[in-house]
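Pasting coords_19.txt here (compact mmCIF, C-alpha atoms and all ligand atoms):
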# COMPACT_ATOMS: atom_id res chain seq x y z
CA MET J 1 -4.43 34.28 -30.75
CA PHE J 2 -2.28 35.68 -33.54
CA SER J 3 -3.19 38.85 -35.38
CA ARG J 4 -3.23 38.61 -39.13
CA SER J 5 -3.30 42.38 -39.57
CA LYS J 6 -1.29 44.14 -42.26
CA HIS J 7 1.28 44.97 -39.61
CA SER J 8 1.91 41.37 -38.69
CA ARG J 9 2.37 40.32 -42.30
CA HIS J 10 5.51 42.42 -42.38
CA ARG J 11 7.03 40.71 -39.40
CA SER J 12 9.80 38.35 -40.34
CA VAL J 13 9.51 34.61 -40.08
CA ALA J 14 12.24 34.71 -37.45
CA ALA J 15 10.26 37.19 -35.36
CA LEU J 16 7.16 35.02 -35.57
CA VAL J 17 9.10 31.96 -34.57
CA ALA J 18 10.54 33.87 -31.65
CA ALA J 19 7.05 34.98 -30.68
CA VAL J 20 5.69 31.46 -30.84
CA ALA J 21 8.69 30.11 -28.97
CA GLY J 22 8.30 32.77 -26.30
CA LEU J 23 4.64 32.03 -25.80
CA VAL J 24 4.98 28.29 -25.92
CA PRO J 25 8.50 27.29 -24.90
CA SER J 26 7.81 23.60 -25.30
CA ALA J 27 6.91 24.12 -28.95
CA ALA J 28 10.10 26.03 -29.80
CA LEU J 29 12.12 23.02 -30.85
CA ALA J 30 9.30 21.71 -33.01
CA VAL J 31 8.61 25.07 -34.61
CA ALA J 32 12.15 26.12 -35.43
CA PRO J 33 12.93 23.49 -38.07
CA LEU J 34 9.43 23.85 -39.47
CA ALA J 35 9.94 27.60 -39.88
CA ALA J 36 13.27 27.06 -41.57
CA ARG J 37 11.70 24.58 -43.93
CA PHE J 38 8.84 26.92 -44.81
CA THR J 39 11.20 29.83 -45.34
CA ALA J 40 13.31 27.81 -47.74
CA ASP J 41 10.20 26.57 -49.57
CA ALA J 42 8.77 30.07 -49.78
CA ASN J 43 11.96 31.48 -51.19
CA ALA J 44 12.32 28.71 -53.72
CA ALA J 45 8.72 28.93 -54.90
CA GLY J 46 8.53 32.71 -54.83
CA VAL J 47 5.70 32.62 -52.31
CA SER J 48 4.94 35.97 -50.75
CA PRO J 49 6.23 36.63 -47.23
CA ALA J 50 2.64 36.93 -46.05
CA ALA J 51 1.83 33.40 -47.19
CA ALA J 52 5.02 32.12 -45.62
CA ASP J 53 4.15 33.82 -42.33
CA LEU J 54 0.70 32.30 -42.32
CA ALA J 55 2.14 28.86 -42.95
CA VAL J 56 4.50 29.33 -40.02
CA ILE J 57 1.68 30.49 -37.77
CA GLU J 58 -0.42 27.49 -38.64
CA GLY J 59 2.55 25.17 -38.37
CA GLY J 60 3.28 26.64 -34.97
CA ALA J 61 -0.28 26.10 -33.84
CA ALA J 62 -0.19 22.48 -35.00
CA ALA J 63 3.11 21.89 -33.23
CA THR J 64 1.66 23.36 -30.05
CA ALA J 65 -1.39 21.11 -30.24
CA SER J 66 0.88 18.09 -30.71
CA ALA J 67 2.95 19.08 -27.72
CA VAL J 68 -0.20 19.27 -25.61
CA ARG J 69 -1.38 15.88 -26.81
CA LEU J 70 1.98 14.38 -25.93
CA GLN J 71 1.61 15.36 -22.28
CA PRO J 72 1.11 12.14 -20.28
CA PRO J 73 -2.35 11.94 -18.69
CA SER J 74 -2.41 12.39 -14.94
CA PRO J 75 -1.87 8.96 -13.43
CA PRO J 76 -4.96 7.19 -12.09
CA PRO J 77 -5.06 6.58 -8.33
CA SER J 78 -3.05 3.44 -7.77
CA PRO J 79 -4.30 0.65 -5.54
CA PRO J 80 -2.32 0.10 -2.34
CA ALA J 81 0.39 -2.54 -2.60
CA ASN J 82 -0.59 -5.96 -1.33
CA PHE J 83 -3.99 -4.92 0.00
CA PRO J 84 -7.35 -5.81 -1.56
CA MET J 85 -9.34 -2.65 -0.90
CA GLN J 86 -9.25 1.09 -1.43
CA PRO J 87 -8.27 2.35 2.04
CA THR J 88 -10.40 5.51 1.90
CA PRO J 89 -12.69 6.90 3.11
CA ARG J 90 -12.89 4.13 5.71
CA CYS J 91 -10.61 1.22 6.49
CA VAL J 92 -10.95 -0.74 9.70
CA VAL J 93 -9.34 -4.17 9.59
CA LEU J 94 -10.87 -6.70 11.94
CA ASP J 95 -8.40 -9.37 12.99
CA ASN J 96 -11.20 -11.91 13.27
CA PHE J 97 -9.85 -14.93 11.43
CA GLY J 98 -10.92 -18.11 13.21
CA ASP J 99 -13.78 -16.53 15.16
CA PRO J 100 -16.70 -18.92 15.72
CA ARG J 101 -19.60 -18.68 13.31
CA SER J 102 -23.04 -20.27 13.09
CA GLY J 103 -23.31 -23.98 12.35
CA GLY J 104 -19.93 -24.76 13.85
CA ARG J 105 -18.09 -22.86 11.17
CA THR J 106 -15.18 -20.60 11.87
CA HIS J 107 -14.48 -17.30 10.17
CA GLU J 108 -12.21 -18.11 7.26
CA GLY J 109 -11.07 -14.59 6.52
CA ALA J 110 -10.72 -11.06 7.79
CA ASP J 111 -13.38 -8.38 7.53
CA LEU J 112 -12.29 -5.03 6.15
CA MET J 113 -14.84 -2.48 7.28
CA ALA J 114 -15.50 0.27 4.77
CA THR J 115 -18.17 2.45 3.24
CA LEU J 116 -20.49 1.48 0.43
CA GLY J 117 -18.74 1.41 -2.93
CA GLN J 118 -15.05 1.40 -2.01
CA GLU J 119 -13.07 -0.40 -4.69
CA VAL J 120 -11.73 -3.91 -4.23
CA TYR J 121 -8.60 -5.02 -6.10
CA ALA J 122 -7.07 -8.16 -7.52
CA MET J 123 -4.29 -9.28 -5.19
CA ALA J 124 -2.43 -11.05 -7.99
CA ASP J 125 -2.53 -11.78 -11.68
CA GLY J 126 -4.98 -14.62 -12.04
CA VAL J 127 -8.32 -15.88 -13.23
CA LEU J 128 -11.78 -15.20 -11.82
CA VAL J 129 -12.63 -18.86 -11.35
CA TYR J 130 -15.88 -18.52 -9.45
CA GLN J 131 -18.62 -15.94 -9.06
CA SER J 132 -21.77 -15.93 -6.98
CA LYS J 133 -24.46 -13.33 -7.32
CA VAL J 134 -27.26 -12.34 -5.00
CA GLY J 135 -30.28 -14.45 -5.77
CA ASP J 136 -28.56 -16.83 -8.19
CA GLY J 137 -29.10 -19.84 -5.92
CA THR J 138 -25.42 -20.77 -5.74
CA ASN J 139 -23.85 -22.04 -2.54
CA GLY J 140 -21.93 -18.85 -2.04
CA SER J 141 -24.61 -16.28 -2.55
CA ALA J 142 -26.58 -16.82 0.68
CA LEU J 143 -23.51 -16.20 2.82
CA GLY J 144 -21.15 -14.27 0.59
CA GLY J 145 -23.66 -12.40 -1.54
CA ASN J 146 -21.90 -11.02 -4.58
CA LEU J 147 -18.57 -12.82 -4.48
CA TRP J 148 -15.46 -13.39 -6.57
CA LYS J 149 -12.90 -16.14 -6.25
CA LEU J 150 -9.61 -15.15 -7.85
CA GLN J 151 -6.98 -17.83 -8.43
CA ALA J 152 -3.33 -17.12 -9.19
CA ALA J 153 -1.04 -19.34 -11.27
CA ASP J 154 0.48 -20.98 -8.17
CA GLY J 155 -2.97 -22.14 -7.01
CA THR J 156 -3.30 -19.49 -4.30
CA TYR J 157 -6.81 -18.14 -4.26
CA TYR J 158 -8.58 -15.16 -2.77
CA ILE J 159 -12.24 -14.68 -1.85
CA TYR J 160 -13.96 -11.30 -2.04
CA ALA J 161 -17.45 -11.37 -0.53
CA HIS J 162 -20.42 -9.09 0.23
CA LEU J 163 -19.78 -6.87 -2.82
CA SER J 164 -22.41 -4.29 -3.70
CA ALA J 165 -21.57 -4.65 -7.38
CA PHE J 166 -19.13 -6.15 -9.83
CA VAL J 167 -17.16 -4.14 -12.35
CA PRO J 168 -19.29 -4.23 -15.51
CA GLY J 169 -17.90 -6.55 -18.15
CA LEU J 170 -15.95 -8.82 -15.80
CA VAL J 171 -17.03 -12.43 -16.19
CA LYS J 172 -16.16 -15.78 -14.65
CA GLY J 173 -13.16 -17.30 -16.40
CA GLN J 174 -11.60 -13.97 -17.18
CA GLN J 175 -7.90 -13.15 -16.69
CA VAL J 176 -7.33 -10.16 -14.43
CA TYR J 177 -4.20 -8.42 -13.24
CA ARG J 178 -2.83 -7.41 -9.87
CA GLY J 179 -4.36 -4.12 -8.80
CA GLN J 180 -7.29 -4.33 -11.19
CA VAL J 181 -10.65 -3.22 -9.78
CA LEU J 182 -12.92 -6.25 -9.41
CA GLY J 183 -15.94 -4.72 -7.72
CA PHE J 184 -17.18 -2.56 -4.88
CA VAL J 185 -17.73 -2.99 -1.16
CA GLY J 186 -21.28 -3.69 -0.08
CA ASP J 187 -23.41 -5.54 2.43
CA THR J 188 -24.81 -8.41 0.36
CA GLY J 189 -25.17 -11.97 1.63
CA ASN J 190 -25.12 -12.33 5.41
CA ALA J 191 -23.08 -9.16 6.05
CA GLY J 192 -26.04 -7.44 7.72
CA PRO J 193 -27.81 -4.38 6.29
CA GLY J 194 -25.52 -1.36 6.24
CA ASN J 195 -22.58 -3.34 7.62
CA TYR J 196 -20.45 -2.49 4.61
CA HIS J 197 -17.29 -4.55 4.52
CA LEU J 198 -15.13 -6.78 2.38
CA HIS J 199 -14.90 -10.33 3.65
CA PHE J 200 -11.51 -11.40 2.38
CA GLU J 201 -9.88 -14.83 2.40
CA VAL J 202 -6.44 -16.06 1.39
CA HIS J 203 -5.78 -19.73 0.59
CA PRO J 204 -2.04 -20.15 -0.11
CA GLY J 205 -1.33 -22.76 -2.75
CA GLY J 206 -5.03 -23.58 -2.91
CA GLY J 207 -5.01 -25.05 0.59
CA ALA J 208 -6.59 -24.07 3.89
CA ALA J 209 -7.29 -20.44 4.62
CA VAL J 210 -4.74 -18.51 6.66
CA ASN J 211 -5.17 -15.28 8.59
CA PRO J 212 -5.05 -12.59 5.88
CA LEU J 213 -3.26 -10.27 8.29
CA ARG J 214 -0.24 -12.54 7.98
CA VAL J 215 0.08 -11.81 4.29
CA LEU J 216 -1.43 -8.35 3.80
CA THR J 217 0.41 -5.06 3.96
CA ILE J 218 -1.94 -2.81 5.91
CA PRO J 219 -1.99 0.75 4.51
CA ALA J 220 -1.06 3.53 6.89
CA GLY J 221 -4.59 4.95 6.84
CA CYS J 222 -6.18 1.76 8.17
CA THR J 223 -6.73 0.79 11.77
CA VAL J 224 -6.57 -2.79 12.98
CA TYR J 225 -8.75 -4.32 15.70
ZN ZN J 301 -16.18 -12.07 7.14
As a first step, turn the structure in this file into structure tokens.
Ligand SMILES: [Zn+2]
Amino acid sequence: MFSRSKHSRHRSVAALVAAVAGLVPSAALAVAPLAARFTADANAAGVSPAAADLAVIEGGAAATASAVRLQPPSPPPSPPANFPMQPTPRCVVLDNFGDPRSGGRTHEGADLMATLGQEVYAMADGVLVYQSKVGDGTNGSALGGNLWKLQAADGTYYIYAHLSAFVPGLVKGQQVYRGQVLGFVGDTGNAGPGNYHLHFEVHPGGGAAVNPLRVLTIPAGCTVY
């Protein structure tokens, strides 16, 4: 980037600083005091101007690299507020709480229709108090497939069912935080092959389920049926 030809060695420290500052404005403030320090050191120690220039060039390069490293990383996509699923590419909310189900059951949640692999998110800070996995023989797995139960400090709990996969490393008993990715939409359990959706339940205070649509904030990109 910088020439170290004979010509450049005769450029003054000030000119080099100006050049660096002009090329990399954000580094100017960091370079200026460094250049002043090197100039004073060079004069005191009788170092040749060429050596002083080189030191300034290298100091300038280091300052530039630091400035780049200090740039904040681009923010990750944030989960929607008060909604348990990534709303893209597909989000169709079925208002089907209470619908009749086999064996005299009723539907305890709402089904959020999606595509395979959309992220599902923790609705609150809490603990993953229960997990069922396809084929593990637990009560939940035949119906819910891969399933998490997340419980918040106030006893409220949330059920996430039919997941295609869990986030690697998450285990039952683990503390998670609101907005954290817990797993991915799938069609496990009794969802029906290819019927990718999140079955989602809300149990306020640990009690009976309520219609999730009463407590969710539906993102603008979703449709409700
Ligand atoms: Zn359901």
May I ask which of the residues J:Phe97, J:Phe184, J:Tyr121, J:Tyr158 is the closest one to ligand ZN 301 (chain J), counting all atoms listed in the file?
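Among the listed residues, the smallest separation from ligand ZN 301 (chain J) belongs to J:Phe97.
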Between atom CA of J:Gly186 and atom CA of J:Asp111, distance in Å (one decimal):
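If I compute the distance from atom CA of J:Gly186 to atom CA of J:Asp111, I get 11.9 Å.
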Name each residue within 10 Å of ligand ZN 301 (chain J), counting all atoms listed in the file, as a list in words.
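Protein and nucleic-acid residues within 10 Å of ligand ZN 301 (chain J): Leu94, Asn96, Phe97, Asp99, Arg101, Thr106, His107, Glu108, Gly109, Ala110, Asp111, Leu112, Met113, Leu143, Gly144, Tyr160, Ala161, His162, Asn190, Ala191, His197, Leu198, His199, Phe200 and Glu201 of chain J.
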For stretch 194-196 of chain J, list every protein, DNA or RNA residue within 6 Å, evaluated using all atoms listed in the file, and leave out those in the same chain fewer than 3 positions away; present the list as a ChimeraX atom specification.
/J:114-116,186-187
Any chance you can output those residues with C-alpha atoms as a short mmCIF file (atom, residue, chain, number, x, y, z; two decimals), in the coordinates of the input?
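Once written, selection-v3.cif looks like this:
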data_model
loop_
_atom_site.label_atom_id
_atom_site.label_comp_id
_atom_site.auth_asym_id
_atom_site.auth_seq_id
_atom_site.Cartn_x
_atom_site.Cartn_y
_atom_site.Cartn_z
CA ALA J 114 -15.50 0.27 4.77
CA THR J 115 -18.17 2.45 3.24
CA LEU J 116 -20.49 1.48 0.43
CA GLY J 186 -21.28 -3.69 -0.08
CA ASP J 187 -23.41 -5.54 2.43
#
Residue nearest J:Leu163 among J:Val120, J:Val129, J:Ala209, J:Val202 (counting all atoms listed in the file)
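Counting all atoms listed in the file, the residue closest to J:Leu163 is J:Val120.
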Please return, as a PyMOL selection string, all polymer residues that have at least one atom within 12 Å of the point (-6.0, -16.7, -10.1); use all atoms listed in the file and the file's own coordinate frame.
chain J and resi 122-130+148-159+172-178+202-206
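Between atom CA of J:Gly98 and atom CA of J:Gly140 lies a distance of 18.8 Å.
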Check the smallest atom-to-atom distance from each of J:Ile218, J:Tyr225, J:Gly192, J:Gln131 to J:Pro87 using all atoms listed in the file, then report the winner.
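Going through J:Ile218, J:Tyr225, J:Gly192, J:Gln131 one by one, the smallest distance to J:Pro87 is for J:Ile218.
Counting from atom CA of J:Val167, the distance to atom CA of J:Glu119 is 9.5 Å.
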Quick one: residues within 8 Å of J:Val134, only C-alpha atoms, excluding same-chain residues fewer than 5 positions away - as a ChimeraX atom specification?
/J:141-142,145-146,188-189
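For the set J:Gly207, J:Thr138, J:Gln118, J:Ser164, the residue with the smallest atom-to-atom gap to J:Met85 is J:Gln118, counting only C-alpha atoms.
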Closest of J:Cys91, J:Leu170, J:Ala81, J:Val210 to J:Cys222 - atom-to-atom distances counting all atoms listed in the file
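Ranked by minimum distance to J:Cys222, first place goes to J:Cys91.
For the set J:Pro212, J:Gly137, J:Gly103, J:Pro79, the residue with the smallest atom-to-atom gap to J:Leu182 is J:Pro79, counting all atoms listed in the file.
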